[in-house]
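Student: Shown below is the structure under consideration.
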Amino acid sequence: MSRDTQLKERWEKLVEILSNQFSQGEDLDLDAIIYLIGVQELGKVHNKFKKDEKLNLMHIAICRLLEPYGFYAFDYFDADGWPHYTVKEELPPLKAGEQSVLMKEAIVNYFLERELID
């Protein structure tokens with residue numbers, strides 16, 4: 001099975017699992033899954049978040065997802081428990097499709113580590 005086919009199958013399975021758990025019948029999109037990862041990483045799953053906090057949660061998720069690729073490194077937790085990352089290497093310029101594939105691959109790897117999918 002090609003790497004692209006495997007990624008596609010794992011992504012579809014992950015979207016199905018997460019959508020069944022967190023959505024009312026509609027498939028979650030990439031941004032919604034990134035947001036969920038941010039909430040998971042913050043560890044405050046029952047909180048209501050303001051708009052700027054939601055953007056910060058997505059930033060946390062992106063940093064965490066791209067950490068294994070060498071783009072970010074965890075730095076510290078602030079007094080409110082929010083994780084902070086430092087940039088280790090700038091992301092190369094990517095086309096929209098390439099960016100989407102990178103994030104889907106990183107998300108699949110994140111949930112493989114947590115054994116939600118195989």
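The way I read the labels, and the way they are meant: chains A, B, ... in the order of the structure tokens, residue 1 as the first residue of every chain, and ligand 1 as the first ligand shown, with later ones counted on from there.
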Can you list, as a PyMOL selection string, all residues belonging to chain A that DSSP tags as strand (DSSP E or B)?
Tutor: chain A and resi 72-77+83-87
Student: Tell me, as a PDB file with C-alpha atoms, in the first residue's frame, which residues lie within 10 Å of region 88-99 of chain A, counting only C-alpha atoms; anything in the same chain fewer than 5 positions away does not count.
Tutor:
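Generated file (around-v6.pdb):
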```pdb
ATOM      1  CA  LEU A  66       5.016  20.005  14.006  1.00  0.00           C
ATOM      2  CA  GLU A  67       7.355  19.457  16.955  1.00  0.00           C
ATOM      3  CA  TYR A  69       9.314  17.452  12.401  1.00  0.00           C
ATOM      4  CA  GLY A  70      11.823  19.775  14.081  1.00  0.00           C
ATOM      5  CA  PHE A  71       9.962  23.041  13.489  1.00  0.00           C
ATOM      6  CA  TYR A  72       9.031  23.733  17.128  1.00  0.00           C
ATOM      7  CA  ALA A  73      10.267  22.747  20.573  1.00  0.00           C
ATOM      8  CA  PHE A  74       8.269  22.785  23.772  1.00  0.00           C
ATOM      9  CA  LYS A 104      -3.006  15.600   8.010  1.00  0.00           C
ATOM     10  CA  GLU A 105       0.140  13.478   8.254  1.00  0.00           C
TER      11      GLU A 105
END
```
Student: Quick check, in Å to one decimal: how far apart do CA of Arg3 (chain A) and CA of Asp118 (chain A) lie?
Tutor: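 Computing the Euclidean distance for CA of Arg3 (chain A) and CA of Asp118 (chain A) yields 14.0 Å.
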Student: For a test of reading the model, state the distance in Å between CA of Gly38 (chain A) and CA of Met58 (chain A), rounded to one decimal.
Tutor: 5.4 Å
Student: Could you tell me, as a PyMOL selection string, which residues of region 15-106 of chain A DSSP assigns to alpha helix (DSSP H) when given the backbone?
Tutor: chain A and resi 15-22+30-42+51-66+96-106
Student: Please write the residues from the selection above to a file, keeping C-alpha atoms, as a PDB file, in the first residue's frame.
Tutor:
```
ATOM      1  CA  VAL A  15     -12.258  11.896  10.856  1.00  0.00           C
ATOM      2  CA  GLU A  16     -14.979   9.268  11.302  1.00  0.00           C
ATOM      3  CA  ILE A  17     -13.959   8.510  14.915  1.00  0.00           C
ATOM      4  CA  LEU A  18     -13.612  12.148  15.949  1.00  0.00           C
ATOM      5  CA  SER A  19     -16.766  13.241  14.124  1.00  0.00           C
ATOM      6  CA  ASN A  20     -18.794  10.517  15.813  1.00  0.00           C
ATOM      7  CA  GLN A  21     -17.489  11.637  19.195  1.00  0.00           C
ATOM      8  CA  PHE A  22     -17.528  15.439  18.809  1.00  0.00           C
ATOM      9  CA  LEU A  30      -9.016  20.015   9.475  1.00  0.00           C
ATOM     10  CA  ASP A  31      -9.368  23.208  11.546  1.00  0.00           C
ATOM     11  CA  ALA A  32     -11.849  21.585  13.938  1.00  0.00           C
ATOM     12  CA  ILE A  33      -9.491  18.658  14.520  1.00  0.00           C
ATOM     13  CA  ILE A  34      -6.572  21.027  15.101  1.00  0.00           C
ATOM     14  CA  TYR A  35      -8.724  22.884  17.640  1.00  0.00           C
ATOM     15  CA  LEU A  36      -9.565  19.609  19.432  1.00  0.00           C
ATOM     16  CA  ILE A  37      -5.868  18.755  19.643  1.00  0.00           C
ATOM     17  CA  GLY A  38      -5.183  22.186  21.140  1.00  0.00           C
ATOM     18  CA  VAL A  39      -7.827  21.603  23.800  1.00  0.00           C
ATOM     19  CA  GLN A  40      -6.346  18.158  24.482  1.00  0.00           C
ATOM     20  CA  GLU A  41      -2.843  19.586  24.814  1.00  0.00           C
ATOM     21  CA  LEU A  42      -4.036  22.330  27.162  1.00  0.00           C
ATOM     22  CA  LYS A  51     -12.284  33.630  20.174  1.00  0.00           C
ATOM     23  CA  ASP A  52      -8.669  34.674  20.850  1.00  0.00           C
ATOM     24  CA  GLU A  53      -8.196  31.658  23.117  1.00  0.00           C
ATOM     25  CA  LYS A  54      -9.493  29.383  20.352  1.00  0.00           C
ATOM     26  CA  LEU A  55      -6.840  30.787  18.011  1.00  0.00           C
ATOM     27  CA  ASN A  56      -4.220  30.220  20.707  1.00  0.00           C
ATOM     28  CA  LEU A  57      -5.426  26.625  21.091  1.00  0.00           C
ATOM     29  CA  MET A  58      -4.991  26.066  17.367  1.00  0.00           C
ATOM     30  CA  HIS A  59      -1.492  27.556  17.599  1.00  0.00           C
ATOM     31  CA  ILE A  60      -0.645  25.187  20.468  1.00  0.00           C
ATOM     32  CA  ALA A  61      -1.869  22.253  18.393  1.00  0.00           C
ATOM     33  CA  ILE A  62       0.124  23.262  15.333  1.00  0.00           C
ATOM     34  CA  CYS A  63       3.280  23.673  17.414  1.00  0.00           C
ATOM     35  CA  ARG A  64       2.737  20.281  19.055  1.00  0.00           C
ATOM     36  CA  LEU A  65       1.943  18.592  15.740  1.00  0.00           C
ATOM     37  CA  LEU A  66       5.016  20.005  14.006  1.00  0.00           C
ATOM     38  CA  ALA A  96      -2.062  25.019   0.188  1.00  0.00           C
ATOM     39  CA  GLY A  97      -2.296  21.355  -0.816  1.00  0.00           C
ATOM     40  CA  GLU A  98       1.159  20.577   0.553  1.00  0.00           C
ATOM     41  CA  GLN A  99       0.311  22.344   3.806  1.00  0.00           C
ATOM     42  CA  SER A 100      -2.874  20.305   4.144  1.00  0.00           C
ATOM     43  CA  VAL A 101      -1.042  17.008   3.532  1.00  0.00           C
ATOM     44  CA  LEU A 102       1.650  17.917   6.085  1.00  0.00           C
ATOM     45  CA  MET A 103      -0.956  18.733   8.737  1.00  0.00           C
ATOM     46  CA  LYS A 104      -3.006  15.600   8.010  1.00  0.00           C
ATOM     47  CA  GLU A 105       0.140  13.478   8.254  1.00  0.00           C
ATOM     48  CA  ALA A 106       1.116  15.166  11.534  1.00  0.00           C
TER      49      ALA A 106
END
```
Student: By how many Å are CA of Leu28 (chain A) and CA of Leu7 (chain A) apart?
Tutor: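 Separation between CA of Leu28 (chain A) and CA of Leu7 (chain A): 16.9 Å.
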